[in-house]
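Pasting entry-v3.cif here (mmCIF, C-alpha atoms):
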```
data_model
loop_
_atom_site.label_atom_id
_atom_site.label_comp_id
_atom_site.auth_asym_id
_atom_site.auth_seq_id
_atom_site.Cartn_x
_atom_site.Cartn_y
_atom_site.Cartn_z
CA MET A 1 87.03 -0.53 -88.44
CA GLU A 2 86.57 2.86 -86.78
CA ILE A 3 85.50 5.99 -88.64
CA ARG A 4 84.47 9.48 -87.62
CA THR A 5 83.86 11.87 -90.48
CA ARG A 6 81.76 14.65 -91.94
CA ASP A 7 81.87 13.00 -95.36
CA ARG A 8 78.59 11.23 -96.09
CA GLU A 9 80.08 9.09 -98.84
CA VAL A 10 82.78 7.68 -96.53
CA ILE A 11 80.16 6.28 -94.15
CA ALA A 12 78.02 4.95 -97.02
CA GLU A 13 81.01 3.09 -98.46
CA ALA A 14 82.00 1.72 -95.04
CA LEU A 15 78.48 0.47 -94.39
CA ASN A 16 78.52 -1.40 -97.68
CA HIS A 17 81.06 -3.74 -96.10
CA VAL A 18 78.39 -4.68 -93.55
CA VAL A 19 75.19 -4.64 -95.64
CA THR A 20 75.22 -3.95 -99.36
CA HIS A 21 72.79 -1.09 -99.95
CA ARG A 22 71.86 1.94 -102.02
CA ALA A 23 71.94 5.09 -99.92
CA ARG A 24 70.29 8.47 -100.21
CA ILE A 25 71.77 10.99 -97.80
CA THR A 26 70.48 14.52 -97.27
CA PHE A 27 71.30 17.28 -94.79
CA ASP A 28 70.25 20.83 -93.97
CA ASP A 29 73.60 22.24 -92.91
CA PRO A 30 76.98 20.72 -93.90
CA GLY A 31 78.43 22.07 -90.65
CA ASP A 32 76.07 19.87 -88.61
CA VAL A 33 77.13 16.62 -90.27
CA ASP A 34 78.89 14.33 -87.79
CA LEU A 35 78.98 10.63 -88.58
CA SER A 36 80.74 7.84 -86.71
CA MET A 37 80.94 4.09 -87.14
CA ARG A 38 82.78 1.40 -85.23
CA SER A 39 82.62 -2.21 -86.40
CA ARG A 40 84.52 -5.38 -85.68
CA GLU A 41 84.38 -9.10 -86.29
CA HIS A 42 85.55 -11.81 -83.91
CA GLY A 43 85.39 -14.98 -85.97
CA GLU A 44 81.75 -15.51 -86.89
CA LEU A 45 80.46 -12.85 -84.49
CA GLY A 46 80.27 -9.27 -85.69
CA ALA A 47 79.13 -5.99 -84.16
CA ILE A 48 78.62 -2.42 -85.35
CA ARG A 49 77.78 0.87 -83.65
CA LEU A 50 76.65 3.73 -85.86
CA ARG A 51 75.75 7.32 -85.08
CA LEU A 52 74.26 9.56 -87.77
CA GLY A 53 74.41 13.20 -86.77
CA GLY A 54 73.03 16.01 -88.89
CA VAL A 55 71.87 13.84 -91.80
CA SER A 56 68.84 11.95 -93.06
CA TYR A 57 70.00 8.52 -94.20
CA SER A 58 67.75 6.35 -96.37
CA ALA A 59 68.98 2.92 -97.47
CA ALA A 60 67.60 0.11 -99.61
CA SER A 61 69.56 -2.92 -98.43
CA GLU A 62 70.07 -6.17 -100.26
CA PRO A 63 69.26 -9.51 -98.55
CA VAL A 64 71.75 -10.71 -95.96
CA GLY A 65 72.81 -14.33 -95.58
CA TYR A 66 73.25 -14.21 -91.81
CA LEU A 67 71.30 -13.19 -88.72
CA LEU A 68 71.48 -9.43 -88.19
CA ALA A 69 69.73 -7.92 -85.19
CA GLY A 70 69.86 -4.29 -84.12
CA VAL A 71 68.81 -1.95 -81.35
CA VAL A 72 68.06 1.77 -81.47
CA GLU A 73 70.35 3.57 -79.02
CA GLY A 74 69.05 7.05 -79.82
CA GLY A 75 66.60 8.80 -82.12
CA GLU A 76 64.06 6.98 -84.28
CA ILE A 77 64.20 4.78 -87.37
CA ALA A 78 61.64 3.33 -89.77
CA VAL A 79 62.11 -0.01 -91.53
CA ARG A 80 60.05 -1.67 -94.25
CA VAL A 81 60.55 -5.40 -94.78
CA ARG A 82 58.39 -8.07 -96.43
CA GLY A 83 55.63 -5.52 -96.96
CA ARG A 84 55.45 -4.43 -93.30
CA ASP A 85 56.41 -1.11 -91.78
CA PHE A 86 58.12 -0.86 -88.39
CA ALA A 87 58.70 2.34 -86.43
CA LEU A 88 61.38 1.98 -83.76
CA GLY A 89 62.43 4.34 -80.98
CA PRO A 90 65.06 4.19 -78.24
CA ASP A 91 65.70 0.65 -76.89
CA ASP A 92 63.55 -0.94 -79.60
CA GLY A 93 65.12 -3.91 -81.36
CA MET A 94 64.57 -5.78 -84.59
CA LEU A 95 65.78 -8.94 -86.33
CA PHE A 96 66.27 -8.51 -90.05
CA PRO A 97 65.06 -11.65 -91.88
CA VAL A 98 67.64 -13.75 -93.65
CA GLY A 99 67.30 -13.64 -97.42
CA HIS A 100 64.94 -10.65 -97.69
CA PRO A 101 65.72 -7.06 -98.74
CA PHE A 102 64.69 -4.19 -96.48
CA VAL A 103 64.44 -0.41 -96.62
CA GLY A 104 65.30 1.84 -93.71
CA GLU A 105 65.19 5.52 -92.76
CA TYR A 106 67.95 6.06 -90.21
CA GLY A 107 68.37 9.83 -90.05
CA ARG A 108 69.74 11.49 -86.89
CA SER A 109 69.91 8.29 -84.89
CA ALA A 110 72.30 5.95 -83.10
CA LEU A 111 72.21 2.21 -83.71
CA GLY A 112 73.93 -0.95 -82.55
CA ALA A 113 73.76 -4.33 -84.26
CA VAL A 114 75.21 -7.81 -83.95
CA SER A 115 75.53 -10.50 -86.61
CA LEU A 116 75.83 -14.29 -86.38
CA PRO A 117 75.65 -17.12 -88.93
CA LEU A 118 72.36 -18.99 -88.86
CA PRO A 119 74.05 -22.46 -88.80
CA TYR A 120 75.84 -21.61 -85.55
CA VAL A 121 72.62 -20.48 -83.87
CA ALA A 122 70.81 -23.56 -85.21
CA GLU A 123 73.51 -25.82 -83.78
CA LEU A 124 73.12 -24.21 -80.37
CA ALA A 125 69.33 -24.54 -80.59
CA GLU A 126 69.66 -28.26 -81.31
CA ALA A 127 72.13 -28.80 -78.49
CA GLU A 128 70.06 -26.90 -75.93
CA THR A 129 66.49 -27.78 -76.96
CA GLY A 130 66.63 -30.89 -79.12
CA LEU A 131 65.10 -29.15 -82.13
CA PRO A 132 66.94 -30.40 -85.26
CA ALA A 133 69.17 -27.65 -86.61
CA ALA A 134 67.53 -27.91 -90.03
CA ASP A 135 64.15 -27.03 -88.47
CA LEU A 136 65.19 -23.72 -86.91
CA ARG A 137 63.40 -20.75 -88.46
CA PHE A 138 62.98 -17.24 -87.13
CA GLU A 139 59.35 -16.27 -87.67
CA GLY A 140 59.16 -12.64 -86.56
CA ALA A 141 61.15 -9.42 -86.59
CA MET A 142 60.19 -8.03 -83.18
CA PRO A 143 60.85 -9.31 -79.63
CA VAL A 144 58.23 -11.70 -78.27
CA SER A 145 57.32 -9.52 -75.28
CA GLU A 146 57.95 -6.18 -73.60
CA ALA A 147 60.27 -7.90 -71.13
CA MET A 148 62.26 -9.41 -73.98
CA ARG A 149 62.39 -6.01 -75.70
CA ARG A 150 64.08 -4.55 -72.63
CA TYR A 151 66.33 -7.58 -72.27
CA TRP A 152 67.46 -7.33 -75.89
CA ALA A 153 68.28 -3.63 -75.50
CA GLY A 154 70.58 -4.42 -72.59
CA ALA A 155 72.13 -7.52 -74.13
CA ALA A 156 72.72 -5.94 -77.55
CA GLY A 157 74.28 -2.87 -75.96
CA TYR A 158 76.55 -5.04 -73.84
CA LEU A 159 77.65 -7.16 -76.82
CA CYS A 160 78.31 -4.13 -79.00
CA ARG A 161 80.39 -2.45 -76.30
CA GLN A 162 82.42 -5.57 -75.59
CA LEU A 163 83.06 -6.30 -79.25
CA THR A 164 83.87 -2.82 -80.54
CA THR A 165 86.08 -1.46 -77.74
CA PRO A 166 89.12 0.01 -79.51
CA GLY A 167 92.46 -1.66 -78.99
CA VAL A 168 91.11 -4.63 -77.03
CA GLU A 169 91.87 -8.16 -78.22
CA LEU A 170 89.38 -10.65 -76.83
CA PRO A 171 90.77 -13.92 -75.48
CA PRO A 172 89.38 -16.88 -77.48
CA LEU A 173 87.29 -18.17 -74.57
CA LEU A 174 85.74 -14.75 -73.99
CA ALA A 175 84.98 -14.37 -77.70
CA GLU A 176 83.26 -17.78 -77.65
CA HIS A 177 81.32 -16.82 -74.52
CA LEU A 178 80.04 -13.68 -76.25
CA ARG A 179 79.16 -15.65 -79.37
CA ARG A 180 77.13 -18.15 -77.35
CA LEU A 181 75.50 -15.31 -75.43
CA GLY A 182 74.50 -13.63 -78.68
CA ALA A 183 73.06 -16.83 -80.13
CA ALA A 184 71.17 -17.76 -76.95
CA THR A 185 69.76 -14.25 -76.68
CA LEU A 186 68.47 -14.28 -80.27
CA LEU A 187 66.74 -17.61 -79.55
CA SER A 188 65.13 -16.18 -76.41
CA VAL A 189 64.08 -12.79 -77.78
CA PHE A 190 62.84 -13.21 -81.35
CA PRO A 191 60.03 -15.61 -82.41
CA ASN A 192 61.44 -18.89 -83.70
CA THR A 193 60.58 -22.56 -84.00
CA THR A 194 62.23 -23.55 -80.73
CA MET A 195 59.25 -21.75 -79.15
CA THR A 196 56.52 -23.14 -81.39
CA VAL A 197 57.41 -26.65 -82.61
CA ALA A 198 56.39 -29.54 -80.39
CA ARG A 199 59.28 -31.97 -79.99
CA THR A 200 60.14 -35.03 -77.95
CA PRO A 201 63.76 -35.03 -76.80
CA ASN A 202 65.67 -38.26 -77.16
CA ASP A 203 65.63 -39.74 -73.65
CA GLY A 204 67.33 -43.00 -74.51
CA ARG A 205 69.75 -44.48 -72.02
CA VAL A 206 73.36 -43.43 -72.43
CA ALA A 207 76.15 -45.25 -70.68
CA PRO A 208 78.08 -43.36 -67.96
CA ALA A 209 81.21 -44.11 -70.01
CA VAL A 210 80.02 -41.41 -72.41
CA VAL A 211 80.01 -38.91 -69.56
CA ARG A 212 83.51 -39.98 -68.50
CA ARG A 213 84.86 -39.52 -72.03
CA ALA A 214 83.25 -36.09 -72.30
CA VAL A 215 84.59 -35.02 -68.90
CA GLU A 216 88.10 -36.18 -69.78
CA PHE A 217 87.93 -34.26 -73.06
CA MET A 218 86.75 -31.04 -71.40
CA GLU A 219 89.23 -31.25 -68.54
CA GLY A 220 92.02 -31.86 -71.03
CA SER A 221 91.20 -28.85 -73.25
CA PRO A 222 89.35 -26.23 -71.16
CA GLU A 223 91.33 -23.41 -72.77
CA ARG A 224 89.76 -24.16 -76.16
CA PRO A 225 86.41 -22.59 -77.24
CA LEU A 226 84.67 -25.98 -77.24
CA THR A 227 81.16 -26.54 -78.56
CA VAL A 228 78.62 -29.16 -77.54
CA ALA A 229 79.05 -30.81 -80.93
CA GLU A 230 82.81 -31.16 -80.44
CA ILE A 231 82.38 -32.60 -76.96
CA ALA A 232 79.74 -35.04 -78.19
CA THR A 233 82.00 -36.22 -81.03
CA ALA A 234 84.86 -36.80 -78.58
CA ALA A 235 82.49 -38.78 -76.34
CA GLY A 236 81.17 -40.86 -79.25
CA VAL A 237 77.55 -39.77 -78.99
CA GLY A 238 75.16 -37.25 -80.56
CA SER A 239 74.60 -33.80 -79.07
CA ARG A 240 71.16 -34.65 -77.73
CA GLY A 241 72.39 -37.89 -76.24
CA LEU A 242 75.19 -36.03 -74.49
CA GLN A 243 72.73 -33.53 -73.02
CA VAL A 244 70.56 -36.38 -71.71
CA ALA A 245 73.56 -38.19 -70.19
CA PHE A 246 74.84 -35.11 -68.35
CA ARG A 247 71.38 -34.24 -67.00
CA ARG A 248 70.86 -37.79 -65.78
CA HIS A 249 74.27 -38.49 -64.26
CA LEU A 250 75.64 -35.06 -63.27
CA GLY A 251 72.54 -32.89 -63.02
CA CYS A 252 73.88 -30.21 -65.37
CA THR A 253 74.49 -29.52 -69.06
CA PRO A 254 77.88 -30.14 -70.69
CA MET A 255 78.50 -26.40 -70.99
CA GLU A 256 77.67 -25.85 -67.32
CA TYR A 257 80.21 -28.53 -66.44
CA LEU A 258 82.80 -26.90 -68.71
CA ARG A 259 82.17 -23.59 -66.98
CA ARG A 260 82.93 -25.23 -63.63
CA VAL A 261 86.17 -26.64 -65.02
CA ARG A 262 87.24 -23.18 -66.16
CA LEU A 263 86.24 -21.72 -62.81
CA GLU A 264 88.55 -24.26 -61.17
CA ARG A 265 91.37 -23.14 -63.49
CA VAL A 266 90.87 -19.54 -62.35
CA HIS A 267 90.95 -20.69 -58.72
CA ARG A 268 94.15 -22.62 -59.34
CA GLU A 269 95.90 -19.66 -60.97
CA LEU A 270 94.83 -17.22 -58.25
CA ARG A 271 96.13 -19.54 -55.53
CA ALA A 272 99.45 -19.99 -57.34
CA ALA A 273 100.04 -16.26 -57.85
CA GLY A 274 102.77 -14.66 -55.81
CA PRO A 275 103.48 -11.05 -54.79
CA GLY A 276 104.67 -9.01 -57.73
CA ASP A 277 103.43 -11.48 -60.36
CA GLY A 278 101.01 -8.90 -61.75
CA VAL A 279 98.13 -11.35 -61.62
CA THR A 280 94.67 -9.76 -61.35
CA VAL A 281 91.29 -11.34 -60.76
CA ARG A 282 89.70 -9.50 -63.67
CA GLU A 283 92.27 -10.49 -66.30
CA THR A 284 92.50 -14.09 -65.11
CA ALA A 285 88.73 -14.48 -65.19
CA ARG A 286 88.50 -12.78 -68.57
CA ARG A 287 91.15 -15.08 -70.08
CA TRP A 288 89.11 -18.10 -68.96
CA GLY A 289 85.94 -16.77 -70.58
CA PHE A 290 84.18 -15.00 -67.70
CA ALA A 291 83.08 -11.66 -69.15
CA ASN A 292 80.71 -10.49 -66.42
CA PRO A 293 82.70 -9.67 -63.24
CA GLY A 294 79.63 -9.68 -60.98
CA ARG A 295 78.35 -13.04 -62.18
CA PHE A 296 81.85 -14.52 -62.03
CA ALA A 297 82.37 -13.33 -58.45
CA ALA A 298 79.00 -14.80 -57.40
CA GLU A 299 79.76 -18.18 -58.99
CA TYR A 300 83.23 -18.22 -57.49
CA ARG A 301 81.97 -17.44 -53.99
CA ALA A 302 79.26 -20.09 -54.28
CA LEU A 303 81.82 -22.74 -55.20
CA TYR A 304 84.78 -21.75 -53.01
CA GLY A 305 83.14 -19.92 -50.11
CA GLN A 306 85.12 -16.71 -50.53
CA PRO A 307 85.55 -13.92 -53.08
CA PRO A 308 88.28 -14.39 -55.69
CA SER A 309 90.15 -11.36 -54.37
CA ARG A 310 90.68 -13.16 -51.07
CA THR A 311 92.07 -16.23 -52.82
CA LEU A 312 94.56 -13.99 -54.62
CA ARG A 313 95.74 -12.45 -51.33
CA VAL A 314 96.10 -15.73 -49.42
#
```
If you took the structure in this file and wrote it as structure tokens, what would it be?
Amino acid sequence: MEIRTRDREVIAEALNHVVTHRARITFDDPGDVDLSMRSREHGELGAIRLRLGGVSYSAASEPVGYLLAGVVEGGEIAVRVRGRDFALGPDDGMLFPVGHPFVGEYGRSALGAVSLPLPYVAELAEAETGLPAADLRFEGAMPVSEAMRRYWAGAAGYLCRQLTTPGVELPPLLAEHLRRLGAATLLSVFPNTTMTVARTPNDGRVAPAVVRRAVEFMEGSPERPLTVAEIATAAGVGSRGLQVAFRRHLGCTPMEYLRRVRLERVHRELRAAGPGDGVTVRETARRWGFANPGRFAAEYRALYGQPPSRTLRV
């Protein structure tokens, strides 16, 4: 959805598709009103960018049933939630608590926000840390540190830009990469029980056959947006057991191994490309889930000893 308008009611109605709320909108000069909104959903991952020009926008929002985290891209906002008041300026971020209403003053500001279902983030937390998914709780609205505040501003801006670019269809692997990035970033930035609950990972012995089954599954379906849970099911073991097996026998996580498999697929396609095929490094990498060109190029060089552009020319 993309809207640019001078009609306050149009934006209020559009925003109700994101967060149900009661709005009060005021302005000094109708000629100064300039509102824009761009939102999009890619499966369970959503993003919105909103700019409120020439108006004062007050909203009492109903509880949301998913994780919604925003960043101030310009101006200032004030939010009241669970009896606490938060004043946010440029590059400040906030996680709105699941299941609680909140009130915000958003006048003359620019905002970005991403949304993810809590079960997906909890599944990732269990796979990566061993904390049972049912035990994941977010316990604070603000980033855990100044460094994480800055990190969230950059990550949220990147996600919002990638997800709301007009006319761009994301390949499934890239959409899954962005979804995992969003979930992992929320777990790193905002206070939650993966940071505070003592836990003892399951370090039981797992047969190498489990690793072989998982590897065969990943190498047979690298084009699919696989999750750790899917790989573990195919290997006949739990997610935590799979993590332990890969660390012990291969020295990496299952998702790191899958990333290497996809990197090899990029290498294979670049080598097979001929003059006039129209193959580019950027589009090939993007189709295989590599969204960050700089990071991709560094990983590729580390594995193959040359930049991907040279492979394409050879």
Work out how far apart CA of Gln306 in chain A and CA of Val281 in chain A are and give it in Å to one decimal.
13.1 Å
Residues within 9 Å of range 176-179 of chain A, only C-alpha atoms, excluding chain neighbours under 5 positions, as a PyMOL selection string
chain A and resi 42+44-45+116+159+162-163+171+184+225-226+289-291
Report as a PDB file with C-alpha atoms, keeping the file's coordinate frame the full result of the PyMOL selection byres ((chain A and resi 51) around 10) when it is applied to this structure.
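Saved to result11.pdb:
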```pdb
ATOM      1  CA  ARG A   4      84.470   9.480 -87.620  1.00  0.00           C
ATOM      2  CA  ASP A  34      78.890  14.330 -87.790  1.00  0.00           C
ATOM      3  CA  LEU A  35      78.980  10.630 -88.580  1.00  0.00           C
ATOM      4  CA  SER A  36      80.740   7.840 -86.710  1.00  0.00           C
ATOM      5  CA  MET A  37      80.940   4.090 -87.140  1.00  0.00           C
ATOM      6  CA  ARG A  38      82.780   1.400 -85.230  1.00  0.00           C
ATOM      7  CA  ARG A  49      77.780   0.870 -83.650  1.00  0.00           C
ATOM      8  CA  LEU A  50      76.650   3.730 -85.860  1.00  0.00           C
ATOM      9  CA  LEU A  52      74.260   9.560 -87.770  1.00  0.00           C
ATOM     10  CA  GLY A  53      74.410  13.200 -86.770  1.00  0.00           C
ATOM     11  CA  GLY A  54      73.030  16.010 -88.890  1.00  0.00           C
ATOM     12  CA  GLU A  73      70.350   3.570 -79.020  1.00  0.00           C
ATOM     13  CA  GLY A  74      69.050   7.050 -79.820  1.00  0.00           C
ATOM     14  CA  GLY A  75      66.600   8.800 -82.120  1.00  0.00           C
ATOM     15  CA  TYR A 106      67.950   6.060 -90.210  1.00  0.00           C
ATOM     16  CA  GLY A 107      68.370   9.830 -90.050  1.00  0.00           C
ATOM     17  CA  ARG A 108      69.740  11.490 -86.890  1.00  0.00           C
ATOM     18  CA  SER A 109      69.910   8.290 -84.890  1.00  0.00           C
ATOM     19  CA  ALA A 110      72.300   5.950 -83.100  1.00  0.00           C
ATOM     20  CA  LEU A 111      72.210   2.210 -83.710  1.00  0.00           C
ATOM     21  CA  GLY A 112      73.930  -0.950 -82.550  1.00  0.00           C
TER      22      GLY A 112
END
```
Taking all atoms listed in the file into account, which of A:Pro101, A:Gly93, A:Gly43, A:Pro307 comes nearest Val19 in chain A?
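Using all atoms listed in the file, Val19 in chain A sits closest to A:Pro101.
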To test your reading of the syntax: which residues would the PyMOL selection byres ((chain A and resi 303) around 12) return for the file shown? Reply as a ChimeraX atom specification.
/A:259-261,263-264,266-267,296-302,304-308
Atoms kept (C-alpha atoms) for selection, written as an mmCIF file, in the frame of the given file:
```cif
data_model
loop_
_atom_site.group_PDB
_atom_site.id
_atom_site.type_symbol
_atom_site.label_atom_id
_atom_site.label_comp_id
_atom_site.auth_asym_id
_atom_site.auth_seq_id
_atom_site.Cartn_x
_atom_site.Cartn_y
_atom_site.Cartn_z
ATOM 1 C CA ARG A 259 82.170 -23.590 -66.980
ATOM 2 C CA ARG A 260 82.930 -25.230 -63.630
ATOM 3 C CA VAL A 261 86.170 -26.640 -65.020
ATOM 4 C CA LEU A 263 86.240 -21.720 -62.810
ATOM 5 C CA GLU A 264 88.550 -24.260 -61.170
ATOM 6 C CA VAL A 266 90.870 -19.540 -62.350
ATOM 7 C CA HIS A 267 90.950 -20.690 -58.720
ATOM 8 C CA PHE A 296 81.850 -14.520 -62.030
ATOM 9 C CA ALA A 297 82.370 -13.330 -58.450
ATOM 10 C CA ALA A 298 79.000 -14.800 -57.400
ATOM 11 C CA GLU A 299 79.760 -18.180 -58.990
ATOM 12 C CA TYR A 300 83.230 -18.220 -57.490
ATOM 13 C CA ARG A 301 81.970 -17.440 -53.990
ATOM 14 C CA ALA A 302 79.260 -20.090 -54.280
ATOM 15 C CA TYR A 304 84.780 -21.750 -53.010
ATOM 16 C CA GLY A 305 83.140 -19.920 -50.110
ATOM 17 C CA GLN A 306 85.120 -16.710 -50.530
ATOM 18 C CA PRO A 307 85.550 -13.920 -53.080
ATOM 19 C CA PRO A 308 88.280 -14.390 -55.690
#
```
CA of Val210 in chain A and CA of Arg268 in chain A, how far apart in Å?
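CA of Arg268 in chain A sits 26.9 Å away from CA of Val210 in chain A.
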Looking at all atoms listed in the file, which of A:Leu186, A:Ala234, A:Ala60, A:Ala214 is the one that sits closest to Arg149 in chain A?
A:Leu186
Can you work out the spacing between CA of Ala175 in chain A and CA of Ala245 in chain A in Å, to one decimal?
27.5 Å
The PyMOL selection byres ((chain A and resi 156) around 12) on the file shown: which residues, as a ChimeraX atom specification?
/A:46-49,68-73,91-95,111-115,148-155,157-164,178-179,181-186,189
Reconstruct all heavy atoms of range 166-174 of chain A from the incomplete input and present them as a JSON list (two decimals), in the coordinates of the input.
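File written: result_29.json
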```json
[["chain", "number", "residue", "atom", "x", "y", "z"],
["A", 166, "PRO", "N", 87.88, -0.14, -78.75],
["A", 166, "PRO", "CA", 89.12, 0.01, -79.51],
["A", 166, "PRO", "C", 90.32, -0.56, -78.78],
["A", 166, "PRO", "O", 90.45, -0.43, -77.56],
["A", 166, "PRO", "CB", 89.25, 1.54, -79.67],
["A", 166, "PRO", "CG", 87.89, 2.09, -79.41],
["A", 166, "PRO", "CD", 87.25, 1.16, -78.44],
["A", 167, "GLY", "N", 91.19, -1.21, -79.53],
["A", 167, "GLY", "CA", 92.46, -1.66, -78.99],
["A", 167, "GLY", "C", 92.40, -2.85, -78.06],
["A", 167, "GLY", "O", 93.41, -3.18, -77.44],
["A", 168, "VAL", "N", 91.25, -3.50, -77.95],
["A", 168, "VAL", "CA", 91.11, -4.63, -77.03],
["A", 168, "VAL", "C", 91.00, -5.93, -77.84],
["A", 168, "VAL", "O", 90.11, -6.07, -78.67],
["A", 168, "VAL", "CB", 89.86, -4.47, -76.13],
["A", 168, "VAL", "CG1", 89.67, -5.72, -75.28],
["A", 168, "VAL", "CG2", 90.01, -3.25, -75.24],
["A", 169, "GLU", "N", 91.93, -6.84, -77.60],
["A", 169, "GLU", "CA", 91.87, -8.16, -78.22],
["A", 169, "GLU", "C", 91.19, -9.12, -77.25],
["A", 169, "GLU", "O", 91.63, -9.30, -76.12],
["A", 169, "GLU", "CB", 93.27, -8.66, -78.56],
["A", 169, "GLU", "CG", 93.90, -7.95, -79.75],
["A", 169, "GLU", "CD", 93.11, -8.14, -81.03],
["A", 169, "GLU", "OE1", 92.55, -9.25, -81.22],
["A", 169, "GLU", "OE2", 93.03, -7.19, -81.82],
["A", 170, "LEU", "N", 90.11, -9.74, -77.70],
["A", 170, "LEU", "CA", 89.38, -10.65, -76.83],
["A", 170, "LEU", "C", 90.07, -12.00, -76.77],
["A", 170, "LEU", "O", 90.41, -12.58, -77.81],
["A", 170, "LEU", "CB", 87.95, -10.84, -77.35],
["A", 170, "LEU", "CG", 87.05, -9.62, -77.36],
["A", 170, "LEU", "CD1", 85.68, -9.99, -77.90],
["A", 170, "LEU", "CD2", 86.91, -9.04, -75.96],
["A", 171, "PRO", "N", 90.28, -12.55, -75.58],
["A", 171, "PRO", "CA", 90.77, -13.92, -75.48],
["A", 171, "PRO", "C", 89.80, -14.88, -76.17],
["A", 171, "PRO", "O", 88.58, -14.62, -76.18],
["A", 171, "PRO", "CB", 90.82, -14.17, -73.97],
["A", 171, "PRO", "CG", 90.85, -12.81, -73.35],
["A", 171, "PRO", "CD", 90.06, -11.93, -74.27],
["A", 172, "PRO", "N", 90.28, -15.97, -76.75],
["A", 172, "PRO", "CA", 89.38, -16.88, -77.48],
["A", 172, "PRO", "C", 88.19, -17.37, -76.66],
["A", 172, "PRO", "O", 87.07, -17.46, -77.18],
["A", 172, "PRO", "CB", 90.31, -18.05, -77.86],
["A", 172, "PRO", "CG", 91.66, -17.43, -77.93],
["A", 172, "PRO", "CD", 91.68, -16.39, -76.85],
["A", 173, "LEU", "N", 88.41, -17.68, -75.38],
["A", 173, "LEU", "CA", 87.29, -18.17, -74.57],
["A", 173, "LEU", "C", 86.25, -17.08, -74.34],
["A", 173, "LEU", "O", 85.05, -17.36, -74.32],
["A", 173, "LEU", "CB", 87.79, -18.69, -73.22],
["A", 173, "LEU", "CG", 88.62, -19.98, -73.27],
["A", 173, "LEU", "CD1", 88.97, -20.42, -71.85],
["A", 173, "LEU", "CD2", 87.86, -21.08, -73.99],
["A", 174, "LEU", "N", 86.69, -15.84, -74.19],
["A", 174, "LEU", "CA", 85.74, -14.75, -73.99],
["A", 174, "LEU", "C", 84.97, -14.49, -75.28],
["A", 174, "LEU", "O", 83.76, -14.25, -75.26],
["A", 174, "LEU", "CB", 86.46, -13.49, -73.54],
["A", 174, "LEU", "CG", 85.58, -12.27, -73.26],
["A", 174, "LEU", "CD1", 84.48, -12.61, -72.26],
["A", 174, "LEU", "CD2", 86.43, -11.12, -72.75]]
```
